file coords_11.pdb (PDB, C-alpha atoms and all ligand atoms)
MODEL        1
ATOM      1  CA  MET D  15     -10.166  20.105  -6.479  1.00  0.00           C
ATOM      2  CA  ARG D  16      -9.528  21.532  -9.940  1.00  0.00           C
ATOM      3  CA  LEU D  17     -11.824  22.005 -12.900  1.00  0.00           C
ATOM      4  CA  MET D  18     -10.791  20.843 -16.355  1.00  0.00           C
ATOM      5  CA  ALA D  19     -12.859  22.292 -19.189  1.00  0.00           C
ATOM      6  CA  VAL D  20     -13.349  19.462 -21.673  1.00  0.00           C
ATOM      7  CA  SER D  21     -13.165  21.236 -24.999  1.00  0.00           C
ATOM      8  CA  LYS D  22     -13.469  18.499 -27.633  1.00  0.00           C
ATOM      9  CA  THR D  23     -15.423  19.744 -30.683  1.00  0.00           C
ATOM     10  CA  ARG D  24     -15.166  23.390 -29.494  1.00  0.00           C
ATOM     11  CA  GLN D  25     -13.504  26.092 -31.528  1.00  0.00           C
ATOM     12  CA  ALA D  26     -10.248  27.669 -30.380  1.00  0.00           C
ATOM     13  CA  SER D  27     -12.153  30.944 -29.974  1.00  0.00           C
ATOM     14  CA  ASP D  28     -14.427  29.304 -27.372  1.00  0.00           C
ATOM     15  CA  LEU D  29     -11.384  28.137 -25.417  1.00  0.00           C
ATOM     16  CA  ARG D  30      -9.828  31.581 -25.644  1.00  0.00           C
ATOM     17  CA  ALA D  31     -12.984  33.136 -24.186  1.00  0.00           C
ATOM     18  CA  ALA D  32     -12.985  30.620 -21.313  1.00  0.00           C
ATOM     19  CA  TYR D  33      -9.291  31.313 -20.685  1.00  0.00           C
ATOM     20  CA  GLU D  34      -9.924  35.028 -20.545  1.00  0.00           C
ATOM     21  CA  ALA D  35     -12.672  34.344 -18.005  1.00  0.00           C
ATOM     22  CA  GLY D  36     -10.096  32.545 -15.819  1.00  0.00           C
ATOM     23  CA  GLN D  37     -10.183  28.894 -16.946  1.00  0.00           C
ATOM     24  CA  LYS D  38      -6.636  27.578 -17.456  1.00  0.00           C
ATOM     25  CA  ALA D  39      -6.949  23.768 -17.825  1.00  0.00           C
ATOM     26  CA  PHE D  40      -8.448  22.227 -20.966  1.00  0.00           C
ATOM     27  CA  GLY D  41      -9.065  18.574 -21.790  1.00  0.00           C
ATOM     28  CA  GLU D  42      -9.015  17.134 -25.304  1.00  0.00           C
ATOM     29  CA  ASN D  43      -9.846  13.670 -26.672  1.00  0.00           C
ATOM     30  CA  TYR D  44      -8.640  13.737 -30.266  1.00  0.00           C
ATOM     31  CA  LEU D  45      -4.999  14.403 -31.005  1.00  0.00           C
ATOM     32  CA  GLN D  46      -5.202  16.160 -34.367  1.00  0.00           C
ATOM     33  CA  GLU D  47      -8.020  18.406 -33.236  1.00  0.00           C
ATOM     34  CA  ALA D  48      -6.101  19.218 -30.066  1.00  0.00           C
ATOM     35  CA  LEU D  49      -2.848  20.029 -31.870  1.00  0.00           C
ATOM     36  CA  THR D  50      -4.618  22.572 -34.061  1.00  0.00           C
ATOM     37  CA  LYS D  51      -5.986  24.334 -30.968  1.00  0.00           C
ATOM     38  CA  ILE D  52      -2.707  24.114 -29.060  1.00  0.00           C
ATOM     39  CA  ASP D  53      -1.068  25.864 -31.995  1.00  0.00           C
ATOM     40  CA  ALA D  54      -3.799  28.491 -32.297  1.00  0.00           C
ATOM     41  CA  LEU D  55      -3.628  29.288 -28.564  1.00  0.00           C
ATOM     42  CA  ALA D  56       0.148  29.208 -28.147  1.00  0.00           C
ATOM     43  CA  ASP D  57       0.131  32.851 -27.022  1.00  0.00           C
ATOM     44  CA  LEU D  58      -1.808  31.982 -23.820  1.00  0.00           C
ATOM     45  CA  SER D  59       1.085  31.577 -21.411  1.00  0.00           C
ATOM     46  CA  GLU D  60      -0.756  29.895 -18.553  1.00  0.00           C
ATOM     47  CA  ILE D  61      -2.861  27.460 -20.537  1.00  0.00           C
ATOM     48  CA  GLU D  62      -2.582  23.818 -19.446  1.00  0.00           C
ATOM     49  CA  TRP D  63      -3.351  20.921 -21.800  1.00  0.00           C
ATOM     50  CA  HIS D  64      -4.750  17.576 -20.679  1.00  0.00           C
ATOM     51  CA  PHE D  65      -5.217  14.567 -22.944  1.00  0.00           C
ATOM     52  CA  ILE D  66      -8.146  12.353 -21.921  1.00  0.00           C
ATOM     53  CA  GLY D  67      -8.865  10.254 -25.033  1.00  0.00           C
ATOM     54  CA  PRO D  68      -7.828   6.836 -26.319  1.00  0.00           C
ATOM     55  CA  ILE D  69      -4.106   6.599 -27.161  1.00  0.00           C
ATOM     56  CA  GLN D  70      -2.648   5.018 -30.274  1.00  0.00           C
ATOM     57  CA  SER D  71       0.930   3.936 -29.721  1.00  0.00           C
ATOM     58  CA  ASN D  72       2.136   5.619 -32.924  1.00  0.00           C
ATOM     59  CA  LYS D  73       0.890   8.994 -31.660  1.00  0.00           C
ATOM     60  CA  THR D  74       2.698   9.135 -28.345  1.00  0.00           C
ATOM     61  CA  ARG D  75       5.441  11.521 -29.481  1.00  0.00           C
ATOM     62  CA  GLN D  76       3.011  14.359 -30.077  1.00  0.00           C
ATOM     63  CA  LEU D  77       1.314  13.672 -26.760  1.00  0.00           C
ATOM     64  CA  ALA D  78       4.640  13.691 -24.943  1.00  0.00           C
ATOM     65  CA  GLU D  79       5.686  16.939 -26.572  1.00  0.00           C
ATOM     66  CA  ALA D  80       2.489  18.990 -26.570  1.00  0.00           C
ATOM     67  CA  PHE D  81       0.597  18.097 -23.375  1.00  0.00           C
ATOM     68  CA  ASP D  82       1.092  18.782 -19.663  1.00  0.00           C
ATOM     69  CA  TRP D  83      -0.992  15.831 -18.514  1.00  0.00           C
ATOM     70  CA  VAL D  84      -2.153  12.534 -20.029  1.00  0.00           C
ATOM     71  CA  HIS D  85      -5.030  10.980 -18.042  1.00  0.00           C
ATOM     72  CA  SER D  86      -5.706   7.954 -20.228  1.00  0.00           C
ATOM     73  CA  VAL D  87      -2.603   5.757 -19.990  1.00  0.00           C
ATOM     74  CA  ASP D  88      -3.663   2.134 -19.588  1.00  0.00           C
ATOM     75  CA  ARG D  89      -0.684   0.034 -20.591  1.00  0.00           C
ATOM     76  CA  LEU D  90       3.029  -0.087 -20.003  1.00  0.00           C
ATOM     77  CA  LYS D  91       4.002   0.178 -23.664  1.00  0.00           C
ATOM     78  CA  ILE D  92       2.340   3.584 -23.907  1.00  0.00           C
ATOM     79  CA  ALA D  93       3.887   4.810 -20.664  1.00  0.00           C
ATOM     80  CA  ARG D  94       7.369   3.745 -21.794  1.00  0.00           C
ATOM     81  CA  ARG D  95       7.021   5.548 -25.100  1.00  0.00           C
ATOM     82  CA  LEU D  96       5.734   8.708 -23.412  1.00  0.00           C
ATOM     83  CA  SER D  97       8.683   8.713 -21.019  1.00  0.00           C
ATOM     84  CA  GLU D  98      11.234   8.181 -23.813  1.00  0.00           C
ATOM     85  CA  GLN D  99       9.680  10.793 -26.042  1.00  0.00           C
ATOM     86  CA  ARG D 100       9.243  13.384 -23.306  1.00  0.00           C
ATOM     87  CA  GLY D 101      13.021  13.441 -23.013  1.00  0.00           C
ATOM     88  CA  GLY D 102      14.919  14.608 -19.974  1.00  0.00           C
ATOM     89  CA  SER D 103      15.063  18.329 -20.661  1.00  0.00           C
ATOM     90  CA  GLY D 104      11.679  19.669 -19.587  1.00  0.00           C
ATOM     91  CA  SER D 105       9.393  18.862 -16.684  1.00  0.00           C
ATOM     92  CA  PRO D 106       8.126  15.290 -16.366  1.00  0.00           C
ATOM     93  CA  LEU D 107       4.828  14.472 -18.042  1.00  0.00           C
ATOM     94  CA  ASN D 108       1.978  14.153 -15.513  1.00  0.00           C
ATOM     95  CA  VAL D 109       0.268  10.817 -16.019  1.00  0.00           C
ATOM     96  CA  CYS D 110      -2.839   9.140 -14.648  1.00  0.00           C
ATOM     97  CA  LEU D 111      -3.589   5.478 -15.172  1.00  0.00           C
ATOM     98  CA  GLN D 112      -7.047   4.894 -16.584  1.00  0.00           C
ATOM     99  CA  VAL D 113      -8.955   2.095 -14.867  1.00  0.00           C
ATOM    100  CA  ASN D 114     -11.865   0.278 -16.519  1.00  0.00           C
ATOM    101  CA  ILE D 115     -13.709   0.424 -13.235  1.00  0.00           C
ATOM    102  CA  ASN D 116     -16.882  -1.381 -14.346  1.00  0.00           C
ATOM    103  CA  GLU D 117     -15.005  -3.850 -16.570  1.00  0.00           C
ATOM    104  CA  GLU D 118     -16.910  -2.798 -19.683  1.00  0.00           C
ATOM    105  CA  ASP D 119     -15.845  -4.486 -22.925  1.00  0.00           C
ATOM    106  CA  SER D 120     -16.169  -1.259 -24.864  1.00  0.00           C
ATOM    107  CA  LYS D 121     -14.013   0.838 -22.600  1.00  0.00           C
ATOM    108  CA  ALA D 122     -10.311   1.602 -22.370  1.00  0.00           C
ATOM    109  CA  GLY D 123      -8.457   1.247 -19.101  1.00  0.00           C
ATOM    110  CA  CYS D 124      -6.666  -1.442 -17.164  1.00  0.00           C
ATOM    111  CA  LEU D 125      -8.477  -3.774 -14.800  1.00  0.00           C
ATOM    112  CA  LEU D 126      -8.202  -3.060 -11.095  1.00  0.00           C
ATOM    113  CA  GLY D 127      -6.411  -6.361 -10.578  1.00  0.00           C
ATOM    114  CA  ASP D 128      -3.674  -5.355 -13.008  1.00  0.00           C
ATOM    115  CA  LEU D 129      -3.243  -1.880 -11.563  1.00  0.00           C
ATOM    116  CA  PRO D 130      -0.650  -2.438  -8.809  1.00  0.00           C
ATOM    117  CA  ALA D 131       1.844  -4.104 -11.158  1.00  0.00           C
ATOM    118  CA  LEU D 132       1.328  -1.492 -13.868  1.00  0.00           C
ATOM    119  CA  ALA D 133       1.693   1.376 -11.393  1.00  0.00           C
ATOM    120  CA  ARG D 134       4.903  -0.090  -9.998  1.00  0.00           C
ATOM    121  CA  GLU D 135       6.459  -0.172 -13.485  1.00  0.00           C
ATOM    122  CA  VAL D 136       5.233   3.272 -14.511  1.00  0.00           C
ATOM    123  CA  MET D 137       6.667   4.793 -11.346  1.00  0.00           C
ATOM    124  CA  THR D 138      10.160   3.766 -12.375  1.00  0.00           C
ATOM    125  CA  LEU D 139      10.019   5.662 -15.687  1.00  0.00           C
ATOM    126  CA  PRO D 140      12.252   8.715 -15.610  1.00  0.00           C
ATOM    127  CA  ASN D 141      10.296  11.393 -17.490  1.00  0.00           C
ATOM    128  CA  ILE D 142       6.843  10.608 -16.157  1.00  0.00           C
ATOM    129  CA  SER D 143       5.307  11.638 -12.880  1.00  0.00           C
ATOM    130  CA  LEU D 144       2.611   9.150 -11.936  1.00  0.00           C
ATOM    131  CA  ARG D 145      -0.053  11.387 -10.418  1.00  0.00           C
ATOM    132  CA  GLY D 146      -2.964   9.013  -9.850  1.00  0.00           C
ATOM    133  CA  LEU D 147      -5.995   7.349 -11.379  1.00  0.00           C
ATOM    134  CA  MET D 148      -8.693   8.200 -13.913  1.00  0.00           C
ATOM    135  CA  ALA D 149     -11.962   6.425 -14.681  1.00  0.00           C
ATOM    136  CA  ILE D 150     -15.122   6.822 -16.732  1.00  0.00           C
ATOM    137  CA  PRO D 151     -17.714   4.683 -14.954  1.00  0.00           C
ATOM    138  CA  ASP D 152     -20.704   3.246 -16.774  1.00  0.00           C
ATOM    139  CA  PRO D 153     -23.127   6.190 -16.781  1.00  0.00           C
ATOM    140  CA  ASP D 154     -26.213   3.962 -16.959  1.00  0.00           C
ATOM    141  CA  GLN D 155     -25.844   2.308 -13.588  1.00  0.00           C
ATOM    142  CA  PRO D 156     -27.970   3.281 -10.559  1.00  0.00           C
ATOM    143  CA  GLU D 157     -26.608   6.059  -8.395  1.00  0.00           C
ATOM    144  CA  ALA D 158     -25.627   3.690  -5.587  1.00  0.00           C
ATOM    145  CA  ASP D 159     -23.514   1.641  -7.990  1.00  0.00           C
ATOM    146  CA  LEU D 160     -21.943   4.752  -9.452  1.00  0.00           C
ATOM    147  CA  ARG D 161     -21.041   5.892  -5.960  1.00  0.00           C
ATOM    148  CA  ALA D 162     -19.556   2.460  -5.248  1.00  0.00           C
ATOM    149  CA  SER D 163     -17.521   2.633  -8.476  1.00  0.00           C
ATOM    150  CA  PHE D 164     -15.978   5.969  -7.483  1.00  0.00           C
ATOM    151  CA  ARG D 165     -15.305   4.615  -4.011  1.00  0.00           C
ATOM    152  CA  LYS D 166     -13.491   1.579  -5.481  1.00  0.00           C
ATOM    153  CA  LEU D 167     -11.225   3.871  -7.471  1.00  0.00           C
ATOM    154  CA  ALA D 168     -10.541   6.064  -4.435  1.00  0.00           C
ATOM    155  CA  ASP D 169      -9.678   2.952  -2.421  1.00  0.00           C
ATOM    156  CA  ALA D 170      -7.326   1.766  -5.154  1.00  0.00           C
ATOM    157  CA  LEU D 171      -5.522   5.101  -5.102  1.00  0.00           C
ATOM    158  CA  GLN D 172      -5.191   4.913  -1.346  1.00  0.00           C
ATOM    159  CA  ALA D 173      -3.795   1.397  -1.566  1.00  0.00           C
ATOM    160  CA  LEU D 174      -1.197   2.580  -4.081  1.00  0.00           C
ATOM    161  CA  GLN D 175      -0.246   5.485  -1.851  1.00  0.00           C
ATOM    162  CA  GLN D 176       0.243   3.178   1.105  1.00  0.00           C
ATOM    163  CA  ASN D 177       2.091   0.441  -0.724  1.00  0.00           C
ATOM    164  CA  GLU D 178       4.089   2.290  -3.287  1.00  0.00           C
ATOM    165  CA  TYR D 179       4.787   5.801  -2.177  1.00  0.00           C
ATOM    166  CA  HIS D 180       7.465   4.992   0.363  1.00  0.00           C
ATOM    167  CA  GLY D 181      10.944   5.373  -0.978  1.00  0.00           C
ATOM    168  CA  LYS D 182       9.891   7.112  -4.182  1.00  0.00           C
ATOM    169  CA  THR D 183      10.965  10.548  -5.201  1.00  0.00           C
ATOM    170  CA  PRO D 184       8.726  13.295  -3.792  1.00  0.00           C
ATOM    171  CA  ASP D 185       7.390  14.300  -7.210  1.00  0.00           C
ATOM    172  CA  THR D 186       5.713  10.913  -7.519  1.00  0.00           C
ATOM    173  CA  ALA D 187       2.861  12.366  -5.577  1.00  0.00           C
ATOM    174  CA  LEU D 188      -0.045  10.014  -6.325  1.00  0.00           C
ATOM    175  CA  ASP D 189      -2.355  12.819  -5.351  1.00  0.00           C
ATOM    176  CA  THR D 190      -4.851  12.659  -8.220  1.00  0.00           C
ATOM    177  CA  LEU D 191      -8.302  11.211  -8.661  1.00  0.00           C
ATOM    178  CA  SER D 192      -9.552  12.237 -12.120  1.00  0.00           C
ATOM    179  CA  ILE D 193     -13.288  11.523 -11.956  1.00  0.00           C
ATOM    180  CA  GLY D 194     -16.503  13.408 -12.529  1.00  0.00           C
ATOM    181  CA  MET D 195     -18.171  14.655 -15.709  1.00  0.00           C
ATOM    182  CA  SER D 196     -21.181  16.932 -16.184  1.00  0.00           C
ATOM    183  CA  ALA D 197     -23.693  14.260 -15.187  1.00  0.00           C
ATOM    184  CA  ASP D 198     -21.938  12.851 -12.132  1.00  0.00           C
ATOM    185  CA  LEU D 199     -19.622  15.489 -10.803  1.00  0.00           C
ATOM    186  CA  GLU D 200     -21.305  15.867  -7.403  1.00  0.00           C
ATOM    187  CA  LEU D 201     -20.916  12.146  -6.705  1.00  0.00           C
ATOM    188  CA  ALA D 202     -17.310  12.267  -7.879  1.00  0.00           C
ATOM    189  CA  ILE D 203     -16.490  15.200  -5.631  1.00  0.00           C
ATOM    190  CA  GLU D 204     -18.069  13.370  -2.722  1.00  0.00           C
ATOM    191  CA  ALA D 205     -15.714  10.458  -3.458  1.00  0.00           C
ATOM    192  CA  GLY D 206     -12.655  12.713  -3.422  1.00  0.00           C
ATOM    193  CA  ALA D 207     -12.174  13.880  -7.011  1.00  0.00           C
ATOM    194  CA  THR D 208      -9.143  16.147  -7.463  1.00  0.00           C
ATOM    195  CA  TRP D 209      -9.807  16.842 -11.168  1.00  0.00           C
ATOM    196  CA  VAL D 210     -13.331  17.008 -12.516  1.00  0.00           C
ATOM    197  CA  ARG D 211     -13.549  16.872 -16.326  1.00  0.00           C
ATOM    198  CA  VAL D 212     -16.518  18.948 -17.403  1.00  0.00           C
ATOM    199  CA  GLY D 213     -17.640  19.611 -20.976  1.00  0.00           C
ATOM    200  CA  THR D 214     -21.326  20.166 -21.631  1.00  0.00           C
ATOM    201  CA  ALA D 215     -22.036  21.836 -18.279  1.00  0.00           C
ATOM    202  CA  ILE D 216     -19.532  24.543 -19.296  1.00  0.00           C
ATOM    203  CA  PHE D 217     -19.869  24.876 -23.064  1.00  0.00           C
ATOM    204  CA  GLY D 218     -23.372  23.497 -23.702  1.00  0.00           C
ATOM    205  CA  ALA D 219     -24.417  20.365 -25.595  1.00  0.00           C
ATOM    206  CA  ARG D 220     -22.090  19.002 -28.279  1.00  0.00           C
ATOM    207  CA  ASP D 221     -23.408  18.414 -31.817  1.00  0.00           C
TER     208      ASP D 221
HETATM  209  C1  LIG D 301     -16.235  14.180 -23.123  1.00  0.00           C
HETATM  210  C2  LIG D 301     -15.552  13.740 -21.886  1.00  0.00           C
HETATM  211  C3  LIG D 301     -15.760  14.402 -20.657  1.00  0.00           C
HETATM  212  C4  LIG D 301     -16.774  15.517 -20.479  1.00  0.00           C
HETATM  213  O1  LIG D 301     -18.061  15.025 -20.593  1.00  0.00           O
HETATM  214  P1  LIG D 301     -19.339  15.993 -20.365  1.00  0.00           P
HETATM  215  O2  LIG D 301     -20.455  15.043 -20.191  1.00  0.00           O
HETATM  216  O3  LIG D 301     -19.435  16.834 -21.591  1.00  0.00           O
HETATM  217  O4  LIG D 301     -19.057  16.814 -19.152  1.00  0.00           O
HETATM  218  C5  LIG D 301     -15.024  13.986 -19.567  1.00  0.00           C
HETATM  219  N1  LIG D 301     -14.137  12.982 -19.648  1.00  0.00           N
HETATM  220  C6  LIG D 301     -13.905  12.321 -20.791  1.00  0.00           C
HETATM  221  C7  LIG D 301     -12.915  11.231 -20.816  1.00  0.00           C
HETATM  222  C8  LIG D 301     -14.615  12.678 -21.941  1.00  0.00           C
HETATM  223  O5  LIG D 301     -14.392  11.999 -23.070  1.00  0.00           O
ENDMDL
END

call {"tool": "encode", "arguments": {"input": "coords_11.pdb", "output": "structure tokens"}}
result
Amino acid sequence: MRLMAVSKTRQASDLRAAYEAGQKAFGENYLQEALTKIDALADLSEIEWHFIGPIQSNKTRQLAEAFDWVHSVDRLKIARRLSEQRGGSGSPLNVCLQVNINEEDSKAGCLLGDLPALAREVMTLPNISLRGLMAIPDPDQPEADLRASFRKLADALQALQQNEYHGKTPDTALDTLSIGMSADLELAIEAGATWVRVGTAIFGARD
């Protein structure tokens, strides 16, 4: 399990201090804000950038060029653009598919029922490595329901591994469950989280 420090609204100097204390992976939600920090911290050779926010299709080029991971891909159009714009020269872009696990109107992500078909298509894209699934469950549900939501996502990942992994290239690892934030990270870890995305528990409350 790895820890992503979610650094939206934080200053580059805060990220630099965390990096110097040993934190290498940072998650950002807003592209322009992220690009400013990526530029300011370009001297940190081992820093790893994760995009976890909503994606506008006219902003995919900068995502493809500046990030190591994108956790919030929820439609084929975006995945295709990211693959094209990543180009063939560098390493593939690590991608998670975001699932709207509680089917909330307000939330990004594909529905579980649409996931197998989407995953199958994304796996064929040349410059993307489909790593797994991401979700942001409804935080207001009772703990038992939250646990069940994480379990549903873990089951969906397992189903993809069983149905889709065979015959794919080894770098299509499907090894990632990106779940768990400050308020629910214990439950997420219990359900098998491989990335937890933690903001306030690291940096304090946001304004
Ligand atoms: C802000 C955010 C987090 C971190 O939330 P905290 O409650 O501050 O830990 C994690 N994931 C996503 C997608 C976020 O937008």

call {"tool": "resolve_selection", "arguments": {"input": "coords_11.pdb", "expression": "the PyMOL selection byres (((chain D and resi 197-212) around 6) and not hetatm)", "output": "ChimeraX atom specification"}}
result
/D:15-20,165,190-196,213

call {"tool": "resolve_selection", "arguments": {"input": "coords_11.pdb", "expression": "the PyMOL selection byres (((chain D and resi 150-154) around 7) and not hetatm)", "output": "VMD selection string"}}
result
chain D and resid 115 to 116 149 155 to 156 160 163 193

call {"tool": "axis_aligned_box", "arguments": {"input": "coords_11.pdb", "around": "ligand LIG 301 (chain D)", "padding_each_side": "4 Å", "output": "lines of an AutoDock Vina configuration file"}}
result
center_x = -16.7
center_y = 14.0
center_z = -21.1
size_x = 15.5
size_y = 13.6
size_z = 12.0

call {"tool": "resolve_selection", "arguments": {"input": "coords_11.pdb", "expression": "the PyMOL selection byres (((chain D and resi 26-36) around 10) and not hetatm)", "output": "PDB file with C-alpha atoms, keeping the file's coordinate frame"}}
result
ATOM      1  CA  ALA D  19     -12.859  22.292 -19.189  1.00  0.00           C
ATOM      2  CA  VAL D  20     -13.349  19.462 -21.673  1.00  0.00           C
ATOM      3  CA  SER D  21     -13.165  21.236 -24.999  1.00  0.00           C
ATOM      4  CA  THR D  23     -15.423  19.744 -30.683  1.00  0.00           C
ATOM      5  CA  ARG D  24     -15.166  23.390 -29.494  1.00  0.00           C
ATOM      6  CA  GLN D  25     -13.504  26.092 -31.528  1.00  0.00           C
ATOM      7  CA  GLN D  37     -10.183  28.894 -16.946  1.00  0.00           C
ATOM      8  CA  LYS D  38      -6.636  27.578 -17.456  1.00  0.00           C
ATOM      9  CA  ALA D  39      -6.949  23.768 -17.825  1.00  0.00           C
ATOM     10  CA  PHE D  40      -8.448  22.227 -20.966  1.00  0.00           C
ATOM     11  CA  GLU D  47      -8.020  18.406 -33.236  1.00  0.00           C
ATOM     12  CA  ALA D  48      -6.101  19.218 -30.066  1.00  0.00           C
ATOM     13  CA  THR D  50      -4.618  22.572 -34.061  1.00  0.00           C
ATOM     14  CA  LYS D  51      -5.986  24.334 -30.968  1.00  0.00           C
ATOM     15  CA  ILE D  52      -2.707  24.114 -29.060  1.00  0.00           C
ATOM     16  CA  ASP D  53      -1.068  25.864 -31.995  1.00  0.00           C
ATOM     17  CA  ALA D  54      -3.799  28.491 -32.297  1.00  0.00           C
ATOM     18  CA  LEU D  55      -3.628  29.288 -28.564  1.00  0.00           C
ATOM     19  CA  LEU D  58      -1.808  31.982 -23.820  1.00  0.00           C
ATOM     20  CA  GLU D  60      -0.756  29.895 -18.553  1.00  0.00           C
ATOM     21  CA  ILE D  61      -2.861  27.460 -20.537  1.00  0.00           C
ATOM     22  CA  ILE D 216     -19.532  24.543 -19.296  1.00  0.00           C
ATOM     23  CA  PHE D 217     -19.869  24.876 -23.064  1.00  0.00           C
TER      24      PHE D 217
END

call {"tool": "atom_distance", "arguments": {"input": "coords_11.pdb", "atom1": "CA of Thr138 in chain D", "atom2": "CA of Val87 in chain D"}}
result
15.0 Å

call {"tool": "closest_residue", "arguments": {"input": "coords_11.pdb", "among": "D:Leu167, D:Gly101, D:Val109, D:Arg94", "to": "Glu135 in chain D", "atoms": "all atoms listed in the file"}}
result
D:Arg94

call {"tool": "closest_residue", "arguments": {"input": "coords_11.pdb", "among": "D:Ala162, D:Ile69, D:Leu96, D:Met148", "to": "ligand LIG 301 (chain D)", "atoms": "all atoms listed in the file"}}
result
D:Met148

call {"tool": "closest_residue", "arguments": {"input": "coords_11.pdb", "among": "D:Glu42, D:Asp88, D:Glu62, D:Asp82", "to": "Ala133 in chain D", "atoms": "all atoms listed in the file"}}
result
D:Asp88

call {"tool": "residues_around", "arguments": {"input": "coords_11.pdb", "residues": "Gly127 in chain D", "least_positions_apart": "5", "cutoff": "10 Å", "atoms": "only C-alpha atoms", "output": "list in words"}}
result
Val113, Leu132 and Ala170 of chain D

call {"tool": "closest_residue", "arguments": {"input": "coords_11.pdb", "among": "D:Lys166, D:Lys22, D:Arg161, D:Lys73", "to": "ligand LIG 301 (chain D)", "atoms": "all atoms listed in the file"}}
result
D:Lys22

call {"tool": "atom_distance", "arguments": {"input": "coords_11.pdb", "atom1": "CA of Glu118 in chain D", "atom2": "CA of Lys91 in chain D"}}
result
21.5 Å
